[in-house]
$ cat query_19.txt   # compact mmCIF, C-alpha atoms
# COMPACT_ATOMS: atom_id res chain seq x y z
CA MET A 22 24.93 -0.72 7.17
CA THR A 23 28.08 1.06 6.12
CA THR A 24 29.54 4.20 7.56
CA THR A 25 31.27 7.08 5.81
CA ALA A 26 34.56 5.92 7.37
CA ASP A 27 34.67 2.80 5.16
CA PRO A 28 37.35 3.18 2.50
CA VAL A 29 35.49 0.77 0.20
CA ARG A 30 31.72 1.11 -0.16
CA ASN A 31 29.53 -0.76 -2.70
CA GLY A 32 32.79 -2.09 -4.12
CA VAL A 33 34.00 1.49 -4.80
CA ASP A 34 37.33 2.54 -3.31
CA THR A 35 36.13 5.93 -2.12
CA ALA A 36 39.60 6.97 -0.92
CA ALA A 37 40.94 6.43 -4.45
CA LEU A 38 37.86 8.15 -5.91
CA PHE A 39 38.36 11.28 -3.80
CA ALA A 40 42.15 11.23 -4.44
CA THR A 41 41.45 11.12 -8.19
CA ILE A 42 39.10 14.09 -7.94
CA ASP A 43 41.72 16.01 -5.93
CA ALA A 44 44.45 15.18 -8.47
CA VAL A 45 42.25 16.42 -11.33
CA LYS A 46 41.45 19.61 -9.40
CA ALA A 47 45.19 20.27 -9.13
CA ASP A 48 45.92 19.56 -12.82
CA HIS A 49 43.07 19.72 -15.32
CA ASP A 50 45.16 18.00 -18.02
CA ILE A 51 44.77 14.73 -16.10
CA ALA A 52 41.07 14.83 -17.06
CA LYS A 53 41.64 14.85 -20.83
CA PHE A 54 40.91 11.32 -22.11
CA GLN A 55 40.67 9.77 -25.55
CA PHE A 56 38.98 6.39 -25.98
CA ARG A 57 39.30 4.23 -29.11
CA ALA A 58 37.91 1.19 -30.87
CA THR A 59 39.26 -0.52 -33.97
CA ASN A 60 36.83 -2.49 -36.08
CA THR A 61 37.32 -5.06 -38.85
CA TRP A 62 34.67 -6.30 -41.25
CA VAL A 63 34.35 -10.10 -41.18
CA THR A 64 31.63 -10.79 -43.78
CA GLY A 65 28.11 -9.56 -44.46
CA THR A 66 26.85 -7.58 -41.47
CA HIS A 67 29.31 -9.35 -39.14
CA ASN A 68 32.23 -7.28 -37.85
CA ARG A 69 34.50 -7.25 -34.82
CA SER A 70 35.97 -4.50 -32.64
CA THR A 71 39.00 -4.54 -30.40
CA ILE A 72 39.31 -2.12 -27.51
CA HIS A 73 42.68 -1.89 -25.84
CA GLY A 74 44.63 1.40 -25.78
CA PHE A 75 43.43 4.79 -24.60
CA HIS A 76 44.90 8.09 -23.56
CA GLY A 77 44.30 9.57 -20.12
CA ALA A 78 45.99 11.14 -17.11
CA THR A 79 48.58 12.64 -19.54
CA GLN A 80 49.79 9.24 -20.79
CA GLU A 81 49.08 6.35 -23.14
CA LEU A 82 47.40 3.53 -21.25
CA THR A 83 45.99 0.10 -22.05
CA HIS A 84 43.30 -2.04 -20.57
CA GLN A 85 44.66 -5.08 -18.71
CA GLN A 86 43.68 -7.11 -21.78
CA PRO A 87 42.33 -6.33 -25.24
CA PHE A 88 38.54 -6.61 -25.25
CA VAL A 89 37.13 -8.14 -28.44
CA MET A 90 33.45 -7.93 -29.37
CA ASP A 91 31.41 -9.03 -32.35
CA ALA A 92 28.41 -7.29 -33.85
CA ASP A 93 26.00 -8.64 -36.44
CA HIS A 94 22.37 -8.54 -37.50
CA PRO A 95 19.95 -11.37 -36.62
CA PRO A 96 18.54 -13.58 -39.45
CA VAL A 97 15.33 -11.51 -39.59
CA LEU A 98 17.58 -8.60 -40.63
CA VAL A 99 19.56 -10.71 -43.09
CA GLY A 100 22.53 -11.32 -40.76
CA SER A 101 23.99 -14.45 -39.18
CA ASP A 102 23.55 -13.43 -35.52
CA GLU A 103 27.23 -13.67 -34.58
CA GLY A 104 26.78 -10.88 -32.01
CA PRO A 105 24.36 -8.24 -30.77
CA THR A 106 23.25 -5.54 -33.20
CA PRO A 107 25.03 -2.17 -33.05
CA VAL A 108 21.93 -0.48 -31.59
CA GLU A 109 21.76 -3.05 -28.77
CA TYR A 110 25.33 -2.09 -27.83
CA VAL A 111 24.10 1.49 -27.45
CA LEU A 112 21.41 0.34 -24.99
CA HIS A 113 24.01 -1.66 -23.04
CA ALA A 114 26.36 1.36 -22.96
CA LEU A 115 23.61 3.54 -21.50
CA ALA A 116 22.67 1.05 -18.76
CA ALA A 117 26.35 0.44 -17.96
CA CYS A 118 27.21 4.14 -17.68
CA LEU A 119 24.24 5.01 -15.46
CA THR A 120 24.92 1.97 -13.26
CA ALA A 121 28.68 2.61 -12.84
CA GLY A 122 27.90 6.24 -12.10
CA LEU A 123 25.28 5.52 -9.50
CA ALA A 124 27.59 3.06 -7.72
CA ASN A 125 30.19 5.87 -7.52
CA VAL A 126 27.67 8.49 -6.42
CA ALA A 127 26.19 6.16 -3.79
CA ALA A 128 29.66 5.37 -2.43
CA ALA A 129 30.63 9.05 -2.29
CA ARG A 130 27.40 9.86 -0.41
CA GLY A 131 27.56 6.89 1.97
CA VAL A 132 24.44 5.31 0.46
CA HIS A 133 24.38 1.53 0.71
CA LEU A 134 23.34 -0.53 -2.35
CA ASP A 135 22.17 -4.14 -2.13
CA GLU A 136 20.92 -4.57 -5.69
CA VAL A 137 20.79 -2.56 -8.89
CA SER A 138 19.29 -3.84 -12.13
CA SER A 139 17.83 -2.19 -15.17
CA THR A 140 16.09 -2.86 -18.44
CA VAL A 141 16.60 -0.59 -21.41
CA GLU A 142 14.25 -0.58 -24.41
CA GLY A 143 14.68 1.30 -27.66
CA ASP A 144 12.01 1.69 -30.33
CA ILE A 145 13.14 1.84 -33.92
CA ASP A 146 11.18 1.92 -37.16
CA LEU A 147 13.26 0.36 -39.93
CA LEU A 148 11.45 2.35 -42.65
CA GLY A 149 14.22 4.90 -41.96
CA ILE A 150 17.32 2.77 -42.47
CA LEU A 151 15.72 0.85 -45.34
CA GLY A 152 15.24 4.17 -47.13
CA LEU A 153 11.48 3.60 -47.44
CA SER A 154 10.38 6.83 -45.75
CA GLY A 155 11.91 10.27 -45.61
CA ASP A 156 9.85 11.08 -42.49
CA VAL A 157 11.18 8.29 -40.29
CA ARG A 158 14.53 8.73 -38.56
CA ASN A 159 17.20 6.03 -38.80
CA GLY A 160 17.87 5.67 -35.09
CA PHE A 161 15.81 5.02 -31.98
CA GLN A 162 12.74 7.19 -31.64
CA GLN A 163 12.65 6.79 -27.87
CA ILE A 164 14.68 4.96 -25.22
CA ARG A 165 13.24 3.92 -21.83
CA VAL A 166 15.34 2.82 -18.84
CA SER A 167 13.68 1.09 -15.87
CA PHE A 168 15.83 0.80 -12.76
CA ARG A 169 15.22 -1.42 -9.77
CA LEU A 170 17.31 -0.51 -6.71
CA ARG A 171 17.35 -2.01 -3.23
CA GLY A 172 19.48 -0.90 -0.29
CA ASP A 173 19.19 2.33 1.72
CA ASP A 174 16.17 4.60 2.04
CA PRO A 175 14.25 4.72 -1.32
CA GLU A 176 14.41 8.52 -1.49
CA LYS A 177 18.24 8.42 -1.25
CA LEU A 178 18.36 5.73 -3.94
CA ARG A 179 16.22 7.87 -6.26
CA GLU A 180 18.51 10.87 -5.68
CA VAL A 181 21.55 8.73 -6.53
CA VAL A 182 20.02 7.76 -9.90
CA GLU A 183 19.14 11.39 -10.56
CA ARG A 184 22.68 12.56 -9.87
CA SER A 185 24.21 9.74 -11.92
CA THR A 186 21.99 10.70 -14.87
CA LYS A 187 23.11 14.34 -14.59
CA ARG A 188 26.77 13.23 -14.71
CA SER A 189 26.59 10.35 -17.18
CA ALA A 190 28.78 10.48 -20.28
CA VAL A 191 26.61 8.08 -22.30
CA TYR A 192 23.33 9.72 -21.23
CA ASP A 193 24.77 13.04 -22.45
CA ILE A 194 26.01 11.49 -25.73
CA ILE A 195 22.64 9.87 -26.44
CA THR A 196 20.35 12.71 -25.40
CA ASN A 197 22.40 15.65 -26.70
CA GLY A 198 24.34 14.18 -29.61
CA VAL A 199 28.02 14.46 -30.54
CA PRO A 200 29.61 15.70 -33.79
CA VAL A 201 31.09 12.80 -35.78
CA ALA A 202 33.72 13.30 -38.48
CA ILE A 203 34.25 10.47 -40.99
CA GLU A 204 37.37 10.07 -43.08
CA VAL A 205 37.75 7.48 -45.85
CA ASP A 206 40.95 5.98 -47.26
CA ALA A 207 39.74 4.08 -50.33
CA GLY A 208 43.18 4.10 -51.92
CA MET B 12 35.03 -9.52 -59.54
CA THR B 13 31.41 -10.23 -58.75
CA THR B 14 28.41 -9.62 -60.95
CA THR B 15 24.98 -8.33 -60.01
CA ALA B 16 23.58 -11.83 -60.62
CA ASP B 17 25.35 -13.23 -57.53
CA PRO B 18 22.77 -13.97 -54.84
CA VAL B 19 25.43 -13.56 -52.13
CA ARG B 20 27.86 -10.65 -52.40
CA ASN B 21 30.35 -9.56 -49.71
CA GLY B 22 28.73 -12.22 -47.52
CA VAL B 23 25.35 -10.45 -47.87
CA ASP B 24 22.41 -12.50 -49.16
CA THR B 25 21.13 -9.84 -51.54
CA ALA B 26 18.08 -11.91 -52.55
CA ALA B 27 17.01 -12.04 -48.87
CA LEU B 28 17.86 -8.34 -48.48
CA PHE B 29 15.65 -7.28 -51.39
CA ALA B 30 12.88 -9.71 -50.29
CA THR B 31 12.95 -8.09 -46.83
CA ILE B 32 12.65 -4.62 -48.33
CA ASP B 33 9.72 -5.79 -50.50
CA ALA B 34 7.99 -7.37 -47.48
CA VAL B 35 8.34 -4.15 -45.50
CA LYS B 36 7.02 -2.11 -48.43
CA ALA B 37 3.90 -4.31 -48.42
CA ASP B 38 3.38 -4.09 -44.64
CA HIS B 39 4.98 -1.22 -42.71
CA ASP B 40 4.27 -2.91 -39.36
CA ILE B 41 7.04 -5.42 -40.14
CA ALA B 42 9.51 -2.53 -39.76
CA LYS B 43 8.60 -1.69 -36.15
CA PHE B 44 11.35 -3.11 -33.92
CA GLN B 45 12.12 -2.85 -30.22
CA PHE B 46 15.58 -3.79 -28.96
CA ARG B 47 16.42 -4.41 -25.29
CA ALA B 48 19.25 -4.90 -22.83
CA THR B 49 19.02 -5.94 -19.19
CA ASN B 50 21.84 -4.91 -16.90
CA THR B 51 22.86 -6.04 -13.41
CA TRP B 52 25.30 -4.28 -11.11
CA VAL B 53 28.13 -6.59 -9.99
CA THR B 54 30.24 -4.35 -7.71
CA GLY B 55 31.84 -0.93 -7.92
CA THR B 56 31.79 0.26 -11.53
CA HIS B 57 31.53 -3.32 -12.83
CA ASN B 58 28.19 -4.37 -14.31
CA ARG B 59 26.92 -6.87 -16.85
CA SER B 60 24.29 -6.76 -19.59
CA THR B 61 22.41 -9.56 -21.27
CA ILE B 62 20.93 -9.10 -24.73
CA HIS B 63 18.56 -11.78 -25.92
CA GLY B 64 14.94 -10.98 -26.79
CA PHE B 65 13.65 -8.30 -29.14
CA HIS B 66 10.47 -7.46 -30.98
CA GLY B 67 10.33 -7.17 -34.75
CA ALA B 68 8.46 -8.27 -37.87
CA THR B 69 5.25 -8.27 -35.74
CA GLN B 70 6.52 -10.94 -33.32
CA GLU B 71 8.69 -11.60 -30.27
CA LEU B 72 12.08 -12.91 -31.35
CA THR B 73 15.32 -13.95 -29.66
CA HIS B 74 18.93 -14.03 -30.73
CA GLN B 75 20.25 -17.55 -31.32
CA GLN B 76 21.93 -17.24 -27.91
CA PRO B 77 21.91 -14.69 -25.10
CA PHE B 78 24.84 -12.28 -25.50
CA VAL B 79 26.47 -11.30 -22.19
CA MET B 80 28.87 -8.38 -21.89
CA ASP B 81 30.70 -6.75 -19.00
CA ALA B 82 31.47 -3.06 -18.55
CA ASP B 83 33.79 -1.48 -16.01
CA HIS B 84 36.19 1.41 -15.53
CA PRO B 85 39.97 0.90 -15.76
CA PRO B 86 42.11 1.31 -12.61
CA VAL B 87 43.00 4.92 -13.56
CA LEU B 88 39.27 5.63 -13.23
CA VAL B 89 38.96 3.68 -9.96
CA GLY B 90 37.55 0.52 -11.54
CA SER B 91 38.83 -3.03 -11.84
CA ASP B 92 38.93 -3.25 -15.66
CA GLU B 93 36.57 -6.22 -15.98
CA GLY B 94 35.36 -4.90 -19.35
CA PRO B 95 35.44 -1.92 -21.70
CA THR B 96 34.09 1.39 -20.43
CA PRO B 97 30.54 2.34 -21.42
CA VAL B 98 31.82 5.10 -23.74
CA GLU B 99 34.05 2.61 -25.58
CA TYR B 100 30.96 0.50 -26.29
CA VAL B 101 29.46 3.59 -27.96
CA LEU B 102 32.51 3.87 -30.26
CA HIS B 103 32.25 0.17 -31.11
CA ALA B 104 28.51 0.52 -31.84
CA LEU B 105 29.21 3.36 -34.27
CA ALA B 106 31.94 1.48 -36.17
CA ALA B 107 29.81 -1.68 -36.23
CA CYS B 108 26.70 0.06 -37.57
CA LEU B 109 28.54 1.94 -40.32
CA THR B 110 30.41 -1.23 -41.32
CA ALA B 111 27.32 -3.50 -41.41
CA GLY B 112 25.52 -0.81 -43.36
CA LEU B 113 28.25 -0.35 -45.93
CA ALA B 114 28.48 -4.10 -46.51
CA ASN B 115 24.73 -4.11 -47.25
CA VAL B 116 24.89 -1.01 -49.46
CA ALA B 117 27.89 -2.37 -51.37
CA ALA B 118 26.12 -5.70 -51.92
CA ALA B 119 22.95 -4.00 -53.11
CA ARG B 120 24.97 -1.87 -55.55
CA GLY B 121 27.17 -4.68 -56.82
CA VAL B 122 30.29 -3.12 -55.29
CA HIS B 123 32.94 -5.64 -54.30
CA LEU B 124 34.70 -5.31 -50.93
CA ASP B 125 38.03 -6.95 -50.14
CA GLU B 126 38.75 -5.25 -46.85
CA VAL B 127 37.05 -2.80 -44.48
CA SER B 128 38.57 -1.59 -41.25
CA SER B 129 38.10 1.47 -39.11
CA THR B 130 39.38 3.26 -36.06
CA VAL B 131 37.07 5.37 -33.93
CA GLU B 132 38.36 7.93 -31.45
CA GLY B 133 36.35 9.94 -28.95
CA ASP B 134 37.65 12.87 -26.92
CA ILE B 135 36.27 13.35 -23.45
CA ASP B 136 37.20 15.79 -20.70
CA LEU B 137 36.40 14.24 -17.33
CA LEU B 138 35.98 17.64 -15.68
CA GLY B 139 32.35 17.21 -16.77
CA ILE B 140 31.48 13.87 -15.20
CA LEU B 141 33.57 14.63 -12.11
CA GLY B 142 31.41 17.71 -11.54
CA LEU B 143 34.47 20.00 -11.57
CA SER B 144 33.29 22.33 -14.34
CA GLY B 145 29.86 23.50 -15.37
CA ASP B 146 31.21 24.43 -18.82
CA VAL B 147 32.45 20.99 -19.83
CA ARG B 148 29.95 18.46 -21.14
CA ASN B 149 29.85 14.93 -19.70
CA GLY B 150 30.10 13.04 -22.97
CA PHE B 151 32.43 13.00 -25.96
CA GLN B 152 33.20 16.41 -27.38
CA GLN B 153 34.04 14.98 -30.79
CA ILE B 154 34.19 11.55 -32.41
CA ARG B 155 36.37 10.76 -35.44
CA VAL B 156 36.00 7.65 -37.61
CA SER B 157 38.77 6.68 -40.06
CA PHE B 158 37.82 4.04 -42.60
CA ARG B 159 40.16 2.02 -44.78
CA LEU B 160 38.47 0.22 -47.66
CA ARG B 161 39.91 -1.91 -50.41
CA GLY B 162 38.01 -3.55 -53.27
CA ASP B 163 36.28 -1.89 -56.22
CA ASP B 164 36.94 1.55 -57.65
CA PRO B 165 37.82 4.01 -54.80
CA GLU B 166 35.07 6.45 -55.81
CA LYS B 167 32.42 3.71 -55.52
CA LEU B 168 33.81 2.72 -52.11
CA ARG B 169 33.59 6.32 -50.92
CA GLU B 170 29.96 6.57 -52.11
CA VAL B 171 29.12 3.36 -50.24
CA VAL B 172 30.44 4.85 -46.98
CA GLU B 173 28.52 8.05 -47.63
CA ARG B 174 25.26 6.19 -48.19
CA SER B 175 25.83 3.95 -45.15
CA THR B 176 26.37 7.05 -43.01
CA LYS B 177 23.12 8.59 -44.28
CA ARG B 178 21.22 5.40 -43.34
CA SER B 179 23.00 4.41 -40.12
CA ALA B 180 20.92 4.00 -36.98
CA VAL B 181 23.84 4.56 -34.59
CA TYR B 182 25.23 7.52 -36.55
CA ASP B 183 21.78 9.13 -36.28
CA ILE B 184 21.49 8.31 -32.56
CA ILE B 185 24.93 9.77 -31.80
CA THR B 186 24.79 12.86 -34.00
CA ASN B 187 21.14 13.83 -33.46
CA GLY B 188 20.36 12.48 -30.00
CA VAL B 189 17.39 10.46 -28.73
CA PRO B 190 14.97 11.24 -25.88
CA VAL B 191 15.62 8.97 -22.88
CA ALA B 192 13.02 8.37 -20.14
CA ILE B 193 14.23 6.95 -16.82
CA GLU B 194 11.97 5.25 -14.30
CA VAL B 195 13.11 4.17 -10.83
CA ASP B 196 11.64 1.47 -8.60
CA ALA B 197 13.42 2.01 -5.28
CA GLY B 198 10.65 0.22 -3.34

$ encode --input "query_19.txt" --output "structure tokens"
Amino acid sequence: MTTTADPVRNGVDTAALFATIDAVKADHDIAKFQFRATNTWVTGTHNRSTIHGFHGATQELTHQQPFVMDADHPPVLVGSDEGPTPVEYVLHALAACLTAGLANVAAARGVHLDEVSSTVEGDIDLLGILGLSGDVRNGFQQIRVSFRLRGDDPEKLREVVERSTKRSAVYDIITNGVPVAIEVDAG
Amino acid sequence: MTTTADPVRNGVDTAALFATIDAVKADHDIAKFQFRATNTWVTGTHNRSTIHGFHGATQELTHQQPFVMDADHPPVLVGSDEGPTPVEYVLHALAACLTAGLANVAAARGVHLDEVSSTVEGDIDLLGILGLSGDVRNGFQQIRVSFRLRGDDPEKLREVVERSTKRSAVYDIITNGVPVAIEVDAG
């Protein structure tokens, strides 16, 4: 068991978490972030992104190292399987955001976590992206997330997931949508 | 310059691409796919997904290897920076989907690509996820994608991006949203 006096709970530095929230309360500009990815086509459906710099807390920042990730299609979708598909990255992003959030919420509430795992499934009908039906959307028709949590009282664990969902950036992006502007330099 | 007789163009096996489209036309069930990610909490905001199996073309399939990816928050967001943030994975997924799509579209149309790169930026105000404002959404407020393409005639390149956007799974997911169901086993 942990107590609310622990500065670090579930691996979350709650003192730093509360200090961050206080700093943002005092200056809302600290909360304005911009995240970025740069992507380069390799060949066919294979391409590679690098994630390094971002803006936040009123300054330019970088991750401790550049993160490089490949995406591709599997052979059944005429790719060479050099990485996950783009839509699988979306499923990962959703699980990761809900899980990071619930670890923070649990720590802030003094709820102890022993184990958190999840499976995310997304159904997609390729008639859409292949242009074979005007009635079928291109993206996932439905996404299901199944969480398994162990630790404190089950009711508290369920409340932590509920709160994390209400405050999740990726859950909001996926369920509510975001405007996307596309610019092309084909010089 | 390439000609429309090339079986492989821009690294895309166009013969296989058209054969896939014909197979799907003949049997729509081939087009029903389900993608999956499993995620495990490590500590704090650090968690890890594995992407391996999926369903498609009426059978259970696996990638040639399991793909493992870490997500975390950077120190400024009280994490330990063991991987990109979940929202950065969303930006990568968008760039990757549009880029894979435009390589396919270009190949199908006989448009030659020399170079494709892109930068994706997403603006997010953390007042939302920190619960400090009811008026600020949790997710990105706006996403901008800037493409640079070199190869064939600029007008053809622009049309290829336009068509890829119209048929992109991740662009559809992000701009139009997807219903997400969450189930919790806190046994």

$ atom_distance --input "query_19.txt" --atom1 "atom CA of B:Thr25" --atom2 "atom CA of A:Asn68"
17.8 Å

$ closest_residue --input "query_19.txt" --among "A:Lys53, A:His94, A:Lys177, A:Arg158" --to "chain B" --atoms "all atoms listed in the file"
A:Lys53

$ residues_around --input "query_19.txt" --residues "B:Asp196" --least-positions-apart "5" --cutoff "7 Å" --atoms "all atoms listed in the file" --output "list in words"
Phe168, Arg169 and Leu170 of chain A

$ closest_residue --input "query_19.txt" --among "B:Thr56, B:Asn187, B:Ser129, B:Thr31" --to "B:Leu88" --atoms "all atoms listed in the file"
B:Thr56

$ closest_residue --input "query_19.txt" --among "A:Tyr192, A:Ile164, A:Gln80, A:Ala47" --to "chain B" --atoms "all atoms listed in the file"
A:Ile164

$ atom_distance --input "query_19.txt" --atom1 "atom CA of B:Ala106" --atom2 "atom CA of B:Gly55"
28.4 Å

$ closest_residue --input "query_19.txt" --among "B:Ala180, B:Thr130, B:Glu194, B:Ile41" --to "A:Asn159" --atoms "all atoms listed in the file"
B:Ala180

$ closest_residue --input "query_19.txt" --among "B:Ala48, B:Ala107, B:Val101, B:Ala34" --to "B:His63" --atoms "only C-alpha atoms"
B:Ala48

$ atom_distance --input "query_19.txt" --atom1 "atom CA of A:Pro96" --atom2 "atom CA of A:Ser154"
22.9 Å

$ closest_residue --input "query_19.txt" --among "B:Val53, B:Val171, B:Ala26, B:Cys108" --to "chain A" --atoms "all atoms listed in the file"
B:Cys108
